[in-house]
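Report on the structure given below.
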Amino acid sequence: MINFKPGNNWTLFLDRDGVLNHQKEGSYIFSWDEFIFYDGVIQSMPVLAKYFKHIFIVTNQRGVGKGLMTEKDLHHIHRNMQKSIELAGGRIDGIYYCTELEAESTCRKPNTGMALKAKEEHPDIDFSQSIMVGNSFSDMEFGRNIGAATVFLTTTKPVVDNNDNRMDAVYKSLADFADAPTPSSLIFSLI
C-alpha cells in the first residue's frame with residue numbers, strides 16, 4: 001500500500017507536451033507563442049506544490065535534435081513556462097530534457113537518464129515515492145523503469161485500456177489529477 005502524505009518525500013515527474021500544454025500534432029512547439037497551457041494547469045500547480053516535495057519536468061525534445069529549433073529557443077519556452085507557473089504560486093524544481101534522436105539514448109524516455117540526472121542533483125529523491133504523469137505509453141514505461149507509480153492523462157489519447165498494467169491511474173487532465181479532493185484519493189487506484 002502506498003502511504004501518500006503531503007509534505008513528505010514524494011516526487012512528481014511531469015511530461016510537458018500533452019500534460020502541461022497542448023501538443024502540436026505531428027510537430028513540435030517551436031516558440032513561446034505556440035506554447036498554450038491546458039485549461040486549469042496554472043491553477044493546479046500550486047495545489048500540486050502542496051502535495052509534493054519535488055516537481056520535475058522530464059521531456060523528450062527531438063525538435064532540437066532535428067535542428068528545427070535551437071536549445072536557446074527551448075530555454076526561452078521553459079523560462080516563460082516556469083515564470084507563468086511561479087506567478088500563480090506554483091513551482092517547478094527542475095526541467096530535464098533530451099534532444100537526442102536515437103531511441104537507445106539513455107536520456108530519452110522511456111530510458112531513465114533524466115530521472116537519474118534529477119536524483120544526482122537531488123539525492124533525497126526516492127523513486128518508490130514518486131509519481132510519473134504523462135500522456136504517452138513511453139511516459140508510463142519511464143515511470144515503471146524507475147519504480148514510480150504512473151498516472152496516464154487522456155489529453156491526446158481519449159480512449160485507453162484502463163487494465164493496461166503500465167498505468168496505475170487514468171485522469172482526463174492534470175487539473176483533474178490535482179483536483180482530487182484529498183491526497184489519498186489523488187492516488188486512489190495506486191493503493
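A note on labels: chains of the C-alpha cells are A, B, ... as shown, every chain counts residues from 1, and ligands are counted from 1 in their shown order.
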For this session: Could you find all residues in range 73-182 of chain A that DSSP calls helix (DSSP H, G or I) from the backbone, and write them as a PyMOL selection string?
Result: chain A and resi 73-87+113-121+127-129+137-146+174-178
Write the selection just made, keeping C-alpha atoms, as a PDB file, in the first residue's frame?
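The file below, out01.pdb, is the result:
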ATOM      1  CA  ASP A  73      14.539  28.513 -28.188  1.00  0.00           C
ATOM      2  CA  LEU A  74      13.807  25.631 -25.808  1.00  0.00           C
ATOM      3  CA  HIS A  75      15.265  27.524 -22.827  1.00  0.00           C
ATOM      4  CA  HIS A  76      13.154  30.564 -23.718  1.00  0.00           C
ATOM      5  CA  ILE A  77       9.990  28.429 -23.692  1.00  0.00           C
ATOM      6  CA  HIS A  78      10.948  26.826 -20.388  1.00  0.00           C
ATOM      7  CA  ARG A  79      11.820  30.147 -18.706  1.00  0.00           C
ATOM      8  CA  ASN A  80       8.434  31.586 -19.655  1.00  0.00           C
ATOM      9  CA  MET A  81       6.605  28.398 -18.668  1.00  0.00           C
ATOM     10  CA  GLN A  82       8.319  28.364 -15.277  1.00  0.00           C
ATOM     11  CA  LYS A  83       7.695  32.080 -14.717  1.00  0.00           C
ATOM     12  CA  SER A  84       3.978  31.678 -15.503  1.00  0.00           C
ATOM     13  CA  ILE A  85       3.713  28.800 -13.030  1.00  0.00           C
ATOM     14  CA  GLU A  86       5.620  30.678 -10.322  1.00  0.00           C
ATOM     15  CA  LEU A  87       3.478  33.817 -10.749  1.00  0.00           C
ATOM     16  CA  GLY A 113      18.628   9.108 -17.830  1.00  0.00           C
ATOM     17  CA  MET A 114      16.574  12.201 -16.991  1.00  0.00           C
ATOM     18  CA  ALA A 115      15.377  10.693 -13.700  1.00  0.00           C
ATOM     19  CA  LEU A 116      18.915   9.652 -12.790  1.00  0.00           C
ATOM     20  CA  LYS A 117      20.135  13.192 -13.511  1.00  0.00           C
ATOM     21  CA  ALA A 118      17.393  14.576 -11.258  1.00  0.00           C
ATOM     22  CA  LYS A 119      18.426  12.174  -8.489  1.00  0.00           C
ATOM     23  CA  GLU A 120      22.079  13.123  -8.934  1.00  0.00           C
ATOM     24  CA  GLU A 121      21.124  16.775  -8.381  1.00  0.00           C
ATOM     25  CA  PHE A 127      11.761   6.708  -6.858  1.00  0.00           C
ATOM     26  CA  SER A 128       9.473   4.405  -4.850  1.00  0.00           C
ATOM     27  CA  GLN A 129       7.842   7.591  -3.535  1.00  0.00           C
ATOM     28  CA  PHE A 137       2.978   4.902 -23.012  1.00  0.00           C
ATOM     29  CA  SER A 138       6.623   5.940 -23.213  1.00  0.00           C
ATOM     30  CA  ASP A 139       5.948   8.088 -20.129  1.00  0.00           C
ATOM     31  CA  MET A 140       4.314   5.150 -18.366  1.00  0.00           C
ATOM     32  CA  GLU A 141       7.244   2.870 -19.217  1.00  0.00           C
ATOM     33  CA  PHE A 142       9.644   5.547 -17.942  1.00  0.00           C
ATOM     34  CA  GLY A 143       7.729   5.566 -14.669  1.00  0.00           C
ATOM     35  CA  ARG A 144       7.841   1.773 -14.439  1.00  0.00           C
ATOM     36  CA  ASN A 145      11.564   1.753 -15.275  1.00  0.00           C
ATOM     37  CA  ILE A 146      12.365   3.993 -12.298  1.00  0.00           C
ATOM     38  CA  LEU A 174      -3.591  17.452 -14.986  1.00  0.00           C
ATOM     39  CA  ALA A 175      -6.314  19.655 -13.496  1.00  0.00           C
ATOM     40  CA  ASP A 176      -8.467  16.565 -12.821  1.00  0.00           C
ATOM     41  CA  PHE A 177      -5.491  14.842 -11.201  1.00  0.00           C
ATOM     42  CA  ALA A 178      -4.786  17.858  -8.978  1.00  0.00           C
TER      43      ALA A 178
END
Exercise. What's the 6 Å shell around Val170 in chain A, counting only C-alpha atoms, without same-chain residues fewer than 3 positions away, as a ChimeraX atom specification?
Worked result: /A:151-153
Exercise. Mind checking DSSP for range 6-188 of chain A and telling me the strand (DSSP E or B) residues as a PyMOL selection string?
Worked result: chain A and resi 11-14+17+21+37+54-60+94-98+130-134+149-153+169-171
Can I get the selected residues back with N, CA and C atoms, as an mmCIF file, in the first residue's frame?
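Now in result27.cif:
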data_model
loop_
_atom_site.group_PDB
_atom_site.id
_atom_site.type_symbol
_atom_site.label_atom_id
_atom_site.label_comp_id
_atom_site.auth_asym_id
_atom_site.auth_seq_id
_atom_site.Cartn_x
_atom_site.Cartn_y
_atom_site.Cartn_z
ATOM 1 N N THR A 11 7.882 12.768 -4.873
ATOM 2 C CA THR A 11 8.346 13.500 -6.052
ATOM 3 C C THR A 11 7.352 13.309 -7.179
ATOM 4 N N LEU A 12 7.090 14.379 -7.912
ATOM 5 C CA LEU A 12 6.215 14.341 -9.078
ATOM 6 C C LEU A 12 7.039 14.607 -10.326
ATOM 7 N N PHE A 13 7.014 13.663 -11.253
ATOM 8 C CA PHE A 13 7.623 13.845 -12.564
ATOM 9 C C PHE A 13 6.492 14.108 -13.557
ATOM 10 N N LEU A 14 6.615 15.163 -14.344
ATOM 11 C CA LEU A 14 5.605 15.531 -15.326
ATOM 12 C C LEU A 14 6.217 15.563 -16.722
ATOM 13 N N ASP A 17 4.657 18.327 -23.107
ATOM 14 C CA ASP A 17 3.654 18.444 -24.174
ATOM 15 C C ASP A 17 2.568 17.382 -24.013
ATOM 16 N N ASN A 21 0.823 21.549 -21.579
ATOM 17 C CA ASN A 21 0.416 22.376 -22.721
ATOM 18 C C ASN A 21 -0.108 21.507 -23.862
ATOM 19 N N PHE A 37 -0.957 26.606 -22.435
ATOM 20 C CA PHE A 37 -1.292 25.759 -21.295
ATOM 21 C C PHE A 37 -2.697 25.187 -21.460
ATOM 22 N N HIS A 54 9.168 17.569 -4.430
ATOM 23 C CA HIS A 54 9.852 17.932 -5.683
ATOM 24 C C HIS A 54 8.867 17.801 -6.844
ATOM 25 N N ILE A 55 8.960 18.739 -7.794
ATOM 26 C CA ILE A 55 8.202 18.653 -9.050
ATOM 27 C C ILE A 55 9.189 18.900 -10.180
ATOM 28 N N PHE A 56 9.302 17.911 -11.070
ATOM 29 C CA PHE A 56 10.235 17.991 -12.190
ATOM 30 C C PHE A 56 9.509 17.774 -13.512
ATOM 31 N N ILE A 57 9.987 18.457 -14.534
ATOM 32 C CA ILE A 57 9.556 18.188 -15.910
ATOM 33 C C ILE A 57 10.597 17.257 -16.523
ATOM 34 N N VAL A 58 10.128 16.202 -17.190
ATOM 35 C CA VAL A 58 11.004 15.305 -17.950
ATOM 36 C C VAL A 58 10.408 15.202 -19.352
ATOM 37 N N THR A 59 11.129 15.705 -20.343
ATOM 38 C CA THR A 59 10.534 15.849 -21.666
ATOM 39 C C THR A 59 11.519 15.505 -22.787
ATOM 40 N N ASN A 60 11.075 14.684 -23.713
ATOM 41 C CA ASN A 60 11.832 14.424 -24.935
ATOM 42 C C ASN A 60 11.598 15.611 -25.873
ATOM 43 N N GLY A 94 12.889 21.562 -11.338
ATOM 44 C CA GLY A 94 13.908 21.242 -12.318
ATOM 45 C C GLY A 94 13.260 20.827 -13.626
ATOM 46 N N ILE A 95 13.936 21.139 -14.723
ATOM 47 C CA ILE A 95 13.459 20.743 -16.055
ATOM 48 C C ILE A 95 14.562 19.935 -16.708
ATOM 49 N N TYR A 96 14.254 18.705 -17.045
ATOM 50 C CA TYR A 96 15.201 17.802 -17.695
ATOM 51 C C TYR A 96 14.653 17.469 -19.076
ATOM 52 N N TYR A 97 15.513 17.569 -20.065
ATOM 53 C CA TYR A 97 15.059 17.319 -21.437
ATOM 54 C C TYR A 97 16.107 16.528 -22.190
ATOM 55 N N CYS A 98 15.630 15.813 -23.200
ATOM 56 C CA CYS A 98 16.518 15.027 -24.048
ATOM 57 C C CYS A 98 16.287 15.442 -25.488
ATOM 58 N N SER A 130 7.514 8.243 -5.820
ATOM 59 C CA SER A 130 7.414 9.160 -6.952
ATOM 60 C C SER A 130 6.221 8.774 -7.815
ATOM 61 N N ILE A 131 5.694 9.768 -8.513
ATOM 62 C CA ILE A 131 4.610 9.547 -9.467
ATOM 63 C C ILE A 131 5.027 10.185 -10.779
ATOM 64 N N MET A 132 4.869 9.441 -11.869
ATOM 65 C CA MET A 132 5.107 9.958 -13.215
ATOM 66 C C MET A 132 3.763 10.204 -13.863
ATOM 67 N N VAL A 133 3.532 11.441 -14.330
ATOM 68 C CA VAL A 133 2.292 11.800 -15.018
ATOM 69 C C VAL A 133 2.626 12.110 -16.471
ATOM 70 N N GLY A 134 1.970 11.411 -17.386
ATOM 71 C CA GLY A 134 2.229 11.637 -18.808
ATOM 72 C C GLY A 134 1.044 11.274 -19.663
ATOM 73 N N ALA A 149 5.066 5.168 -9.364
ATOM 74 C CA ALA A 149 3.665 4.996 -9.736
ATOM 75 C C ALA A 149 3.423 5.809 -11.012
ATOM 76 N N THR A 150 2.418 5.433 -11.786
ATOM 77 C CA THR A 150 2.181 6.092 -13.067
ATOM 78 C C THR A 150 0.738 6.565 -13.184
ATOM 79 N N VAL A 151 0.588 7.758 -13.740
ATOM 80 C CA VAL A 151 -0.727 8.343 -13.994
ATOM 81 C C VAL A 151 -0.779 8.750 -15.463
ATOM 82 N N PHE A 152 -1.753 8.209 -16.174
ATOM 83 C CA PHE A 152 -1.927 8.494 -17.601
ATOM 84 C C PHE A 152 -2.997 9.551 -17.775
ATOM 85 N N LEU A 153 -2.693 10.596 -18.566
ATOM 86 C CA LEU A 153 -3.674 11.618 -18.900
ATOM 87 C C LEU A 153 -4.181 11.375 -20.320
ATOM 88 N N ALA A 169 -3.227 4.798 -12.699
ATOM 89 C CA ALA A 169 -4.442 5.613 -12.655
ATOM 90 C C ALA A 169 -4.571 6.362 -13.969
ATOM 91 N N VAL A 170 -5.808 6.739 -14.298
ATOM 92 C CA VAL A 170 -6.089 7.475 -15.530
ATOM 93 C C VAL A 170 -6.946 8.683 -15.174
ATOM 94 N N TYR A 171 -6.548 9.845 -15.676
ATOM 95 C CA TYR A 171 -7.305 11.091 -15.497
ATOM 96 C C TYR A 171 -7.437 11.775 -16.850
#
Exercise. What gap, in Å, lies between CA of Ile92 in chain A and CA of Trp32 in chain A?
Worked result: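 Rounded to one decimal, the two atoms are 17.2 Å apart.
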Exercise. Between CA of Ala88 in chain A and CA of Met69 in chain A, what is the distance, to one decimal in Å?
Worked result: 28.2 Å
Exercise. If we count only C-alpha atoms, what is near Thr99 in chain A at a cut-off of 9 Å, once residues fewer than 2 positions away on the same chain are taken out, given as a list in words?
Worked result: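 Listing them by chain and then by number gives Thr59, Asn60, Gln61, Arg62, Gly63, Val64, Gly65, Lys66, Glu71, Tyr97, Leu101, Cys107 and Arg108 of chain A.
Note that CA of Asn9 in chain A and CA of Asp126 in chain A are 7.2 Å apart.
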Exercise. Of the candidates A:Tyr51, A:Ala103, A:Phe30, A:Gly89, which shows the shortest atom-to-atom distance to Gly67 in chain A, using only C-alpha atoms?
Worked result: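 Closest to Gly67 in chain A of all the choices is A:Phe30.
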